[in-house]
>>> print(open('coords.cif').read())   # mmCIF, C-alpha atoms and all ligand atoms
data_start
loop_
_atom_site.label_atom_id
_atom_site.label_comp_id
_atom_site.auth_asym_id
_atom_site.auth_seq_id
_atom_site.Cartn_x
_atom_site.Cartn_y
_atom_site.Cartn_z
CA MET A 123 93.26 47.78 -80.41
CA LYS A 124 93.78 44.42 -78.74
CA PHE A 125 96.53 44.58 -76.14
CA ILE A 126 98.45 41.32 -75.80
CA ILE A 127 101.23 40.12 -73.51
CA ASP A 128 104.34 38.85 -75.29
CA ASP A 129 105.89 36.57 -72.68
CA ALA A 130 105.78 33.03 -71.25
CA ASP A 131 107.16 33.68 -67.78
CA ILE A 132 104.17 32.29 -65.89
CA GLU A 133 104.48 34.39 -62.74
CA LYS A 134 105.09 37.59 -64.69
CA VAL A 135 102.23 36.91 -67.11
CA ARG A 136 99.90 36.14 -64.18
CA GLU A 137 100.86 39.42 -62.50
CA ILE A 138 100.41 41.50 -65.66
CA TRP A 139 97.14 39.74 -66.57
CA ASP A 140 95.80 40.47 -63.09
CA LEU A 141 96.68 44.18 -63.21
CA TYR A 142 96.41 45.32 -66.81
CA PRO A 143 93.53 45.17 -69.32
CA CYS A 144 94.95 42.53 -71.67
CA ASP A 145 93.34 40.38 -74.34
CA GLY A 146 95.73 37.46 -74.55
CA VAL A 147 99.28 36.14 -74.70
CA THR A 148 101.61 35.53 -77.63
CA THR A 149 104.51 33.11 -77.52
CA ASN A 150 107.13 31.98 -79.96
CA PRO A 151 109.70 29.16 -79.75
CA SER A 152 112.40 31.49 -78.39
CA ILE A 153 110.11 32.86 -75.68
CA LEU A 154 109.15 29.29 -74.66
CA ALA A 155 112.81 28.23 -74.67
CA LYS A 156 113.54 30.84 -71.98
CA SER A 157 111.33 28.90 -69.54
CA GLY A 158 113.49 25.78 -69.86
CA ARG A 159 110.32 23.72 -69.34
CA ASN A 160 108.15 21.44 -71.45
CA PRO A 161 106.41 23.80 -73.92
CA TYR A 162 102.94 22.28 -73.47
CA GLU A 163 103.23 22.51 -69.69
CA VAL A 164 103.91 26.24 -70.01
CA LEU A 165 101.27 26.75 -72.70
CA THR A 166 98.64 24.90 -70.66
CA GLU A 167 99.34 27.23 -67.72
CA LEU A 168 99.11 30.25 -70.04
CA ARG A 169 95.76 28.96 -71.33
CA GLU A 170 94.54 28.70 -67.72
CA ILE A 171 95.61 32.30 -67.05
CA VAL A 172 93.90 33.81 -70.12
CA GLY A 173 90.86 31.55 -69.79
CA LYS A 174 89.01 29.83 -72.58
CA ASP A 175 88.13 33.12 -74.31
CA GLY A 176 91.50 34.89 -74.03
CA GLU A 177 93.76 34.81 -77.05
CA LEU A 178 96.68 32.40 -76.95
CA HIS A 179 99.09 32.45 -79.91
CA VAL A 180 101.39 29.46 -80.43
CA GLN A 181 103.94 29.06 -83.20
CA VAL A 182 104.76 25.98 -85.27
CA VAL A 183 108.39 25.09 -85.95
CA SER A 184 108.05 22.92 -89.06
CA LYS A 185 109.39 24.53 -92.20
CA ASP A 186 107.17 22.65 -94.65
CA ALA A 187 103.44 23.15 -95.12
CA GLU A 188 102.55 19.55 -94.33
CA GLY A 189 104.38 19.67 -90.99
CA MET A 190 102.84 23.05 -90.13
CA VAL A 191 99.34 21.73 -90.76
CA LYS A 192 100.00 18.68 -88.57
CA GLU A 193 101.45 20.81 -85.77
CA ALA A 194 98.44 23.13 -85.95
CA ALA A 195 96.11 20.19 -85.34
CA VAL A 196 98.03 19.10 -82.23
CA ILE A 197 98.26 22.67 -80.88
CA ARG A 198 94.49 23.10 -81.21
CA GLU A 199 93.76 19.69 -79.76
CA ARG A 200 95.89 20.35 -76.69
CA LEU A 201 95.21 24.05 -76.11
CA GLY A 202 91.75 24.65 -77.51
CA GLU A 203 90.34 25.22 -80.96
CA ASN A 204 90.35 28.99 -80.53
CA THR A 205 94.16 28.99 -80.14
CA PHE A 206 95.84 31.14 -82.77
CA VAL A 207 98.39 29.11 -84.69
CA LYS A 208 101.37 31.23 -85.66
CA ILE A 209 102.69 30.39 -89.09
CA PRO A 210 105.87 31.97 -90.48
CA THR A 211 105.12 33.92 -93.67
CA THR A 212 107.24 31.91 -96.10
CA PRO A 213 106.03 30.28 -99.35
CA GLN A 214 105.46 27.00 -97.43
CA GLY A 215 103.78 29.03 -94.68
CA LEU A 216 101.38 30.61 -97.20
CA LYS A 217 100.45 27.14 -98.43
CA ALA A 218 99.78 26.02 -94.85
CA MET A 219 97.73 29.18 -94.22
CA LYS A 220 95.52 28.46 -97.23
CA ILE A 221 94.88 24.91 -96.02
CA LEU A 222 94.33 25.87 -92.37
CA SER A 223 92.14 28.91 -93.06
CA ALA A 224 89.89 26.70 -95.20
CA GLN A 225 89.51 24.51 -92.09
CA GLY A 226 88.53 27.53 -89.99
CA VAL A 227 91.78 27.67 -88.00
CA ASN A 228 92.71 31.03 -86.43
CA ILE A 229 96.03 31.98 -88.01
CA THR A 230 98.58 34.58 -86.98
CA ALA A 231 101.02 35.12 -89.81
CA THR A 232 104.37 35.81 -88.23
CA ALA A 233 107.96 36.79 -89.14
CA ILE A 234 106.69 39.69 -91.25
CA TYR A 235 109.29 42.20 -92.40
CA THR A 236 107.65 43.63 -95.54
CA PRO A 237 104.22 44.99 -96.46
CA MET A 238 103.76 42.51 -99.31
CA GLN A 239 104.35 39.61 -96.91
CA GLY A 240 101.42 41.01 -94.91
CA PHE A 241 99.28 41.28 -98.04
CA LEU A 242 99.98 37.67 -99.08
CA ALA A 243 99.30 36.36 -95.57
CA ALA A 244 95.95 38.14 -95.55
CA LYS A 245 95.07 36.72 -98.98
CA ALA A 246 96.00 33.26 -97.63
CA GLY A 247 93.43 33.68 -94.85
CA ALA A 248 95.42 34.82 -91.79
CA LYS A 249 93.40 36.62 -89.10
CA TYR A 250 96.44 38.55 -87.92
CA ALA A 251 99.69 39.58 -89.56
CA ALA A 252 102.59 40.26 -87.19
CA PRO A 253 105.23 42.75 -88.40
CA TYR A 254 108.38 42.83 -86.27
CA VAL A 255 108.59 46.54 -85.55
CA ASN A 256 111.88 46.75 -83.68
CA ARG A 257 113.67 44.11 -85.73
CA ILE A 258 112.75 46.08 -88.88
CA ASP A 259 114.09 49.26 -87.26
CA ASN A 260 117.32 47.42 -86.43
CA MET A 261 117.73 46.52 -90.10
CA GLY A 262 117.74 50.24 -90.94
CA TYR A 263 114.14 50.34 -92.20
CA ASP A 264 111.07 51.85 -90.55
CA GLY A 265 109.16 49.29 -88.46
CA ILE A 266 106.34 51.67 -87.53
CA LYS A 267 105.80 52.68 -91.16
CA THR A 268 105.84 49.03 -92.25
CA ALA A 269 103.10 48.20 -89.73
CA MET A 270 101.08 51.25 -90.83
CA ASP A 271 101.48 50.32 -94.51
CA ILE A 272 100.22 46.80 -93.80
CA HIS A 273 97.22 48.24 -91.90
CA ASP A 274 96.45 50.50 -94.91
CA ILE A 275 96.87 47.64 -97.39
CA PHE A 276 94.27 45.62 -95.47
CA GLU A 277 91.84 48.54 -95.33
CA ASN A 278 92.30 49.60 -98.95
CA ASN A 279 91.89 46.06 -100.27
CA GLY A 280 88.93 45.10 -98.10
CA LEU A 281 90.97 42.35 -96.44
CA ASN A 282 89.54 41.06 -93.18
CA THR A 283 92.94 40.73 -91.46
CA GLU A 284 94.32 42.82 -88.62
CA VAL A 285 97.86 43.93 -87.89
CA LEU A 286 99.23 42.38 -84.71
CA ALA A 287 102.36 44.48 -84.31
CA ALA A 288 105.19 42.74 -82.44
CA SER A 289 108.80 43.11 -81.35
CA PHE A 290 108.41 46.38 -79.45
CA LYS A 291 111.29 47.73 -77.46
CA ASN A 292 109.88 51.00 -76.13
CA SER A 293 106.68 52.90 -75.26
CA GLN A 294 107.00 55.31 -78.18
CA GLN A 295 106.75 52.48 -80.73
CA VAL A 296 103.58 51.21 -79.03
CA LEU A 297 102.12 54.74 -78.84
CA GLU A 298 102.64 55.45 -82.55
CA LEU A 299 100.73 52.36 -83.59
CA THR A 300 98.03 52.76 -80.94
CA LYS A 301 97.33 56.27 -82.31
CA TYR A 302 97.13 54.82 -85.81
CA GLY A 303 94.48 52.34 -84.73
CA ILE A 304 96.07 49.04 -85.70
CA GLY A 305 94.21 45.87 -84.74
CA ALA A 306 96.50 44.58 -82.00
CA ALA A 307 99.87 45.02 -80.35
CA THR A 308 101.76 42.33 -78.50
CA VAL A 309 104.09 43.83 -75.96
CA GLY A 310 106.74 42.35 -73.65
CA THR A 311 106.10 42.67 -69.92
CA ALA A 312 108.96 45.14 -69.31
CA VAL A 313 107.64 47.47 -72.03
CA ILE A 314 104.06 47.11 -70.68
CA GLU A 315 105.24 48.16 -67.22
CA GLY A 316 107.16 51.06 -68.78
CA LEU A 317 103.96 52.41 -70.36
CA ILE A 318 102.77 53.89 -67.07
CA LYS A 319 106.04 54.10 -65.16
CA ASN A 320 106.52 57.80 -64.56
CA ALA A 321 107.88 59.78 -61.60
CA ALA A 322 105.17 62.43 -62.07
CA ILE A 323 102.41 59.84 -61.53
CA THR A 324 104.07 58.46 -58.38
CA SER A 325 104.72 61.85 -56.84
CA ALA A 326 101.18 63.08 -57.60
CA ILE A 327 99.72 60.10 -55.77
CA ASP A 328 102.16 60.42 -52.86
CA ALA A 329 101.13 64.06 -52.43
CA PHE A 330 97.43 63.13 -52.32
CA VAL A 331 98.10 60.45 -49.71
CA ASP A 332 100.23 62.79 -47.58
CA ASP A 333 97.60 65.54 -47.68
CA PHE A 334 94.89 63.11 -46.63
CA ALA A 335 97.06 61.71 -43.83
CA GLY A 336 97.50 65.29 -42.56
CA LEU A 337 93.70 65.58 -42.39
CA VAL A 338 92.58 62.26 -40.90
CA GLY A 339 95.77 60.54 -39.69
CA GLU A 340 98.54 58.33 -41.04
CA GLY A 341 97.38 55.18 -42.81
CA LYS A 342 93.69 56.16 -42.69
CA THR A 343 91.59 55.77 -45.84
CA MET A 344 88.11 56.80 -46.92
CA MET A 345 86.83 53.74 -45.06
CA ASP A 346 88.15 54.97 -41.71
CA CYS A 347 86.71 58.47 -41.43
O1 LIG B 1 112.11 40.95 -81.70
P1 LIG B 1 111.53 40.09 -80.65
O2 LIG B 1 111.37 40.82 -79.35
O3 LIG B 1 112.18 38.77 -80.52
O4 LIG B 1 110.02 39.85 -81.06
C1 LIG B 1 109.59 39.02 -82.07
C2 LIG B 1 108.09 38.97 -81.96
O5 LIG B 1 107.41 38.19 -82.82
C3 LIG B 1 106.40 37.43 -82.21
O6 LIG B 1 106.84 36.10 -82.25
C4 LIG B 1 105.13 37.68 -82.97
O7 LIG B 1 103.99 37.29 -82.31
C5 LIG B 1 106.30 37.89 -80.80
O8 LIG B 1 105.98 36.83 -79.94
C6 LIG B 1 107.65 38.54 -80.60
O9 LIG B 1 107.49 39.76 -79.96
#
>>> encode(input="coords.cif", output="structure tokens", more="lines below")
Ligand SMILES: O=P(O)(O)OC[C@H]1O[C@](O)(CO)[C@@H](O)[C@@H]1O
Amino acid sequence: MKFIIDDADIEKVREIWDLYPCDGVTTNPSILAKSGRNPYEVLTELREIVGKDGELHVQVVSKDAEGMVKEAAVIRERLGENTFVKIPTTPQGLKAMKILSAQGVNITATAIYTPMQGFLAAKAGAKYAAPYVNRIDNMGYDGIKTAMDIHDIFENNGLNTEVLAASFKNSQQVLELTKYGIGAATVGTAVIEGLIKNAAITSAIDAFVDDFAGLVGEGKTMMDC
């Protein structure tokens, strides 16, 4: 499973990218808006952090296919041809996906709330389909099951598209889909940090350090003895 950072706070993304084994960064217009900065300035810095081979996902805001296709061209020109262009999975979005996939553009179909939206996005040539796990839960449906159903639909229909599950709010949601073996999960930095935040881990390490200090002296490491 690809493990992707869902954030555009440059310092936070840099810190997480440095520490954790991540494959890329996803953004959307709301995430970029939080920075209060020029979007391309932020996106260029994110591209520098993930490098030329890391995944960077950038969403269009046009609502019509023609506008989406034009935006995709500018996004790729400014941020690299391997940039994933996020297209909302609407009828106009499907049209744009068909055009862009024929041009070899990497597409992430976004704003997915139903399994059939995922199916249609895959048929239209998207590389990823992004179901909004927590938002679906908040509507009273089952976000995890929706993501699993989309994964199964791709497998059972021989579709070469992966689920990129999004909108996580807790570790359990990420765990369920990791166990299931979906293609990718994009996770906010607070939830990423929560994945290995655990008092048992901290106290186990503290005990090891204390025991070693009792043996060779405070602050000494394996290099000093
Ligand atoms: O419910 P949220 O946290 O706004 O998440 C929506 C999600 O959709 C995406 O736009 C899909 O990539 C993510 O960037 C974001 O996590």
>>> residues_near_ligand(input="coords.cif", ligand="ligand LIG 1 (chain B)", cutoff="6 Å", atoms="all atoms listed in the file", output="list in words")
Asp128, Thr148, Thr149, Asn150, Thr232, Ala252, Tyr254, Arg257, Ala288 and Ser289 of chain A
>>> closest_residue(input="coords.cif", among="A:Gly247, A:Gly303, A:Gly173, A:Pro237", to="Thr283 in chain A", atoms="all atoms listed in the file")
A:Gly247
>>> residues_around(input="coords.cif", residues="Val182 in chain A", least_positions_apart="6", cutoff="10 Å", atoms="all atoms listed in the file", output="ChimeraX atom specification")
/A:150-151,189-194,197,207-210,215
>>> write_last_selection(input="coords.cif", atoms="C-alpha atoms", output="mmCIF file, keeping the file's coordinate frame")
data_model
loop_
_atom_site.group_PDB
_atom_site.id
_atom_site.type_symbol
_atom_site.label_atom_id
_atom_site.label_comp_id
_atom_site.auth_asym_id
_atom_site.auth_seq_id
_atom_site.Cartn_x
_atom_site.Cartn_y
_atom_site.Cartn_z
ATOM 1 C CA ASN A 150 107.130 31.980 -79.960
ATOM 2 C CA PRO A 151 109.700 29.160 -79.750
ATOM 3 C CA GLY A 189 104.380 19.670 -90.990
ATOM 4 C CA MET A 190 102.840 23.050 -90.130
ATOM 5 C CA VAL A 191 99.340 21.730 -90.760
ATOM 6 C CA LYS A 192 100.000 18.680 -88.570
ATOM 7 C CA GLU A 193 101.450 20.810 -85.770
ATOM 8 C CA ALA A 194 98.440 23.130 -85.950
ATOM 9 C CA ILE A 197 98.260 22.670 -80.880
ATOM 10 C CA VAL A 207 98.390 29.110 -84.690
ATOM 11 C CA LYS A 208 101.370 31.230 -85.660
ATOM 12 C CA ILE A 209 102.690 30.390 -89.090
ATOM 13 C CA PRO A 210 105.870 31.970 -90.480
ATOM 14 C CA GLY A 215 103.780 29.030 -94.680
#
>>> residues_around(input="coords.cif", residues="Tyr142 in chain A", least_positions_apart="5", cutoff="12 Å", atoms="all atoms listed in the file", output="NGL selection string")
:A and (125-127 or 134-137 or 311 or 314-315 or 317-318)
>>> write_last_selection(input="coords.cif", atoms="C-alpha atoms", output="PDB file, in the frame of the given file")
ATOM      1  CA  PHE A 125      96.530  44.580 -76.140  1.00  0.00           C
ATOM      2  CA  ILE A 126      98.450  41.320 -75.800  1.00  0.00           C
ATOM      3  CA  ILE A 127     101.230  40.120 -73.510  1.00  0.00           C
ATOM      4  CA  LYS A 134     105.090  37.590 -64.690  1.00  0.00           C
ATOM      5  CA  VAL A 135     102.230  36.910 -67.110  1.00  0.00           C
ATOM      6  CA  ARG A 136      99.900  36.140 -64.180  1.00  0.00           C
ATOM      7  CA  GLU A 137     100.860  39.420 -62.500  1.00  0.00           C
ATOM      8  CA  THR A 311     106.100  42.670 -69.920  1.00  0.00           C
ATOM      9  CA  ILE A 314     104.060  47.110 -70.680  1.00  0.00           C
ATOM     10  CA  GLU A 315     105.240  48.160 -67.220  1.00  0.00           C
ATOM     11  CA  LEU A 317     103.960  52.410 -70.360  1.00  0.00           C
ATOM     12  CA  ILE A 318     102.770  53.890 -67.070  1.00  0.00           C
TER      13      ILE A 318
END
>>> atom_distance(input="coords.cif", atom1="CA of Ile221 in chain A", atom2="CA of Ala246 in chain A")
8.6 Å
>>> closest_residue(input="coords.cif", among="A:Ile258, A:Gly316, A:Asn204, A:Ala218", to="Leu297 in chain A", atoms="only C-alpha atoms")
A:Gly316
>>> closest_residue(input="coords.cif", among="A:Glu133, A:Glu203, A:Glu284, A:Glu340", to="Gly226 in chain A", atoms="only C-alpha atoms")
A:Glu203
>>> closest_residue(input="coords.cif", among="A:Asn292, A:Gln239, A:Gln225, A:Asn282", to="Ala269 in chain A", atoms="all atoms listed in the file")
A:Gln239
>>> residues_around(input="coords.cif", residues="Asn256 in chain A", least_positions_apart="4", cutoff="10 Å", atoms="only C-alpha atoms", output="list in words")
Asn260, Met261, Gly262, Tyr263, Asp264, Gly265, Ile266, Ala287, Ala288, Ser289, Phe290, Lys291, Asn292 and Gln295 of chain A
>>> closest_residue(input="coords.cif", among="A:Pro161, A:Gly240, A:Gly202, A:Gly310", to="Val147 in chain A", atoms="all atoms listed in the file")
A:Gly310
>>> closest_residue(input="coords.cif", among="A:Thr324, A:Ser152, A:Thr230, A:Thr166", to="Thr308 in chain A", atoms="all atoms listed in the file")
A:Thr230
>>> residues_around(input="coords.cif", residues="Ser157 in chain A", least_positions_apart="4", cutoff="10 Å", atoms="only C-alpha atoms", output="ChimeraX atom specification")
/A:129-132,152-153,161,164
>>> atom_distance(input="coords.cif", atom1="CA of Cys144 in chain A", atom2="CA of Lys124 in chain A")
7.4 Å
>>> build_atoms(input="coords.cif", residues="range 207-241 of chain A", atoms="N, CA and C atoms", output="PDB file, in the frame of the given file")
ATOM      1  N   VAL A 207      97.189  29.821 -84.275  1.00  0.00           N
ATOM      2  CA  VAL A 207      98.390  29.110 -84.690  1.00  0.00           C
ATOM      3  C   VAL A 207      99.262  30.081 -85.491  1.00  0.00           C
ATOM      4  N   LYS A 208     100.459  30.295 -84.994  1.00  0.00           N
ATOM      5  CA  LYS A 208     101.370  31.230 -85.660  1.00  0.00           C
ATOM      6  C   LYS A 208     102.159  30.495 -86.740  1.00  0.00           C
ATOM      7  N   ILE A 209     102.032  31.009 -87.944  1.00  0.00           N
ATOM      8  CA  ILE A 209     102.690  30.390 -89.090  1.00  0.00           C
ATOM      9  C   ILE A 209     103.654  31.416 -89.691  1.00  0.00           C
ATOM     10  N   PRO A 210     104.926  31.055 -89.837  1.00  0.00           N
ATOM     11  CA  PRO A 210     105.870  31.970 -90.480  1.00  0.00           C
ATOM     12  C   PRO A 210     105.448  32.272 -91.926  1.00  0.00           C
ATOM     13  N   THR A 211     105.593  33.511 -92.337  1.00  0.00           N
ATOM     14  CA  THR A 211     105.120  33.920 -93.670  1.00  0.00           C
ATOM     15  C   THR A 211     106.192  33.662 -94.725  1.00  0.00           C
ATOM     16  N   THR A 212     106.351  32.385 -95.032  1.00  0.00           N
ATOM     17  CA  THR A 212     107.240  31.910 -96.100  1.00  0.00           C
ATOM     18  C   THR A 212     106.339  31.329 -97.196  1.00  0.00           C
ATOM     19  N   PRO A 213     106.890  30.936 -98.352  1.00  0.00           N
ATOM     20  CA  PRO A 213     106.030  30.280 -99.350  1.00  0.00           C
ATOM     21  C   PRO A 213     105.340  29.027 -98.784  1.00  0.00           C
ATOM     22  N   GLN A 214     106.082  28.184 -98.042  1.00  0.00           N
ATOM     23  CA  GLN A 214     105.460  27.000 -97.430  1.00  0.00           C
ATOM     24  C   GLN A 214     104.419  27.429 -96.392  1.00  0.00           C
ATOM     25  N   GLY A 215     104.723  28.516 -95.681  1.00  0.00           N
ATOM     26  CA  GLY A 215     103.780  29.030 -94.680  1.00  0.00           C
ATOM     27  C   GLY A 215     102.480  29.495 -95.341  1.00  0.00           C
ATOM     28  N   LEU A 216     102.593  30.157 -96.496  1.00  0.00           N
ATOM     29  CA  LEU A 216     101.380  30.610 -97.200  1.00  0.00           C
ATOM     30  C   LEU A 216     100.522  29.408 -97.606  1.00  0.00           C
ATOM     31  N   LYS A 217     101.203  28.352 -98.048  1.00  0.00           N
ATOM     32  CA  LYS A 217     100.450  27.140 -98.430  1.00  0.00           C
ATOM     33  C   LYS A 217      99.705  26.593 -97.206  1.00  0.00           C
ATOM     34  N   ALA A 218     100.414  26.527 -96.084  1.00  0.00           N
ATOM     35  CA  ALA A 218      99.780  26.020 -94.850  1.00  0.00           C
ATOM     36  C   ALA A 218      98.621  26.936 -94.444  1.00  0.00           C
ATOM     37  N   MET A 219      98.813  28.246 -94.594  1.00  0.00           N
ATOM     38  CA  MET A 219      97.730  29.180 -94.220  1.00  0.00           C
ATOM     39  C   MET A 219      96.490  28.941 -95.061  1.00  0.00           C
ATOM     40  N   LYS A 220      96.682  28.704 -96.366  1.00  0.00           N
ATOM     41  CA  LYS A 220      95.520  28.460 -97.230  1.00  0.00           C
ATOM     42  C   LYS A 220      94.763  27.215 -96.771  1.00  0.00           C
ATOM     43  N   ILE A 221      95.526  26.158 -96.450  1.00  0.00           N
ATOM     44  CA  ILE A 221      94.880  24.910 -96.020  1.00  0.00           C
ATOM     45  C   ILE A 221      94.173  25.127 -94.676  1.00  0.00           C
ATOM     46  N   LEU A 222      94.877  25.729 -93.723  1.00  0.00           N
ATOM     47  CA  LEU A 222      94.330  25.870 -92.370  1.00  0.00           C
ATOM     48  C   LEU A 222      93.168  26.854 -92.332  1.00  0.00           C
ATOM     49  N   SER A 223      93.253  27.942 -93.102  1.00  0.00           N
ATOM     50  CA  SER A 223      92.140  28.910 -93.060  1.00  0.00           C
ATOM     51  C   SER A 223      90.881  28.273 -93.642  1.00  0.00           C
ATOM     52  N   ALA A 224      91.057  27.394 -94.634  1.00  0.00           N
ATOM     53  CA  ALA A 224      89.890  26.700 -95.200  1.00  0.00           C
ATOM     54  C   ALA A 224      89.242  25.781 -94.155  1.00  0.00           C
ATOM     55  N   GLN A 225      90.045  25.375 -93.167  1.00  0.00           N
ATOM     56  CA  GLN A 225      89.510  24.510 -92.090  1.00  0.00           C
ATOM     57  C   GLN A 225      88.966  25.346 -90.927  1.00  0.00           C
ATOM     58  N   GLY A 226      89.043  26.663 -91.051  1.00  0.00           N
ATOM     59  CA  GLY A 226      88.530  27.530 -89.990  1.00  0.00           C
ATOM     60  C   GLY A 226      89.497  27.754 -88.838  1.00  0.00           C
ATOM     61  N   VAL A 227      90.776  27.477 -89.055  1.00  0.00           N
ATOM     62  CA  VAL A 227      91.780  27.670 -88.000  1.00  0.00           C
ATOM     63  C   VAL A 227      92.144  29.155 -87.894  1.00  0.00           C
ATOM     64  N   ASN A 228      92.250  29.643 -86.651  1.00  0.00           N
ATOM     65  CA  ASN A 228      92.710  31.030 -86.430  1.00  0.00           C
ATOM     66  C   ASN A 228      94.215  31.087 -86.696  1.00  0.00           C
ATOM     67  N   ILE A 229      94.607  31.920 -87.640  1.00  0.00           N
ATOM     68  CA  ILE A 229      96.030  31.980 -88.010  1.00  0.00           C
ATOM     69  C   ILE A 229      96.608  33.365 -87.725  1.00  0.00           C
ATOM     70  N   THR A 230      97.783  33.355 -87.100  1.00  0.00           N
ATOM     71  CA  THR A 230      98.580  34.580 -86.980  1.00  0.00           C
ATOM     72  C   THR A 230      99.800  34.394 -87.868  1.00  0.00           C
ATOM     73  N   ALA A 231      99.861  35.193 -88.911  1.00  0.00           N
ATOM     74  CA  ALA A 231     101.020  35.120 -89.810  1.00  0.00           C
ATOM     75  C   ALA A 231     102.163  35.876 -89.154  1.00  0.00           C
ATOM     76  N   THR A 232     103.289  35.192 -88.995  1.00  0.00           N
ATOM     77  CA  THR A 232     104.370  35.810 -88.230  1.00  0.00           C
ATOM     78  C   THR A 232     105.634  35.960 -89.083  1.00  0.00           C
ATOM     79  N   ALA A 233     106.676  36.522 -88.453  1.00  0.00           N
ATOM     80  CA  ALA A 233     107.960  36.790 -89.140  1.00  0.00           C
ATOM     81  C   ALA A 233     107.745  37.694 -90.343  1.00  0.00           C
ATOM     82  N   ILE A 234     106.977  38.768 -90.144  1.00  0.00           N
ATOM     83  CA  ILE A 234     106.690  39.690 -91.250  1.00  0.00           C
ATOM     84  C   ILE A 234     107.617  40.904 -91.195  1.00  0.00           C
ATOM     85  N   TYR A 235     108.343  41.092 -92.286  1.00  0.00           N
ATOM     86  CA  TYR A 235     109.290  42.200 -92.400  1.00  0.00           C
ATOM     87  C   TYR A 235     108.918  43.162 -93.534  1.00  0.00           C
ATOM     88  N   THR A 236     107.996  42.749 -94.408  1.00  0.00           N
ATOM     89  CA  THR A 236     107.650  43.630 -95.540  1.00  0.00           C
ATOM     90  C   THR A 236     106.130  43.716 -95.697  1.00  0.00           C
ATOM     91  N   PRO A 237     105.658  44.837 -96.254  1.00  0.00           N
ATOM     92  CA  PRO A 237     104.220  44.990 -96.460  1.00  0.00           C
ATOM     93  C   PRO A 237     103.621  43.907 -97.362  1.00  0.00           C
ATOM     94  N   MET A 238     104.337  43.506 -98.407  1.00  0.00           N
ATOM     95  CA  MET A 238     103.760  42.510 -99.310  1.00  0.00           C
ATOM     96  C   MET A 238     103.645  41.129 -98.652  1.00  0.00           C
ATOM     97  N   GLN A 239     104.526  40.851 -97.697  1.00  0.00           N
ATOM     98  CA  GLN A 239     104.350  39.610 -96.910  1.00  0.00           C
ATOM     99  C   GLN A 239     103.005  39.666 -96.183  1.00  0.00           C
ATOM    100  N   GLY A 240     102.702  40.841 -95.618  1.00  0.00           N
ATOM    101  CA  GLY A 240     101.420  41.010 -94.910  1.00  0.00           C
ATOM    102  C   GLY A 240     100.255  40.814 -95.852  1.00  0.00           C
ATOM    103  N   PHE A 241     100.355  41.405 -97.054  1.00  0.00           N
ATOM    104  CA  PHE A 241      99.280  41.280 -98.040  1.00  0.00           C
ATOM    105  C   PHE A 241      99.037  39.810 -98.390  1.00  0.00           C
TER     106      PHE A 241
END
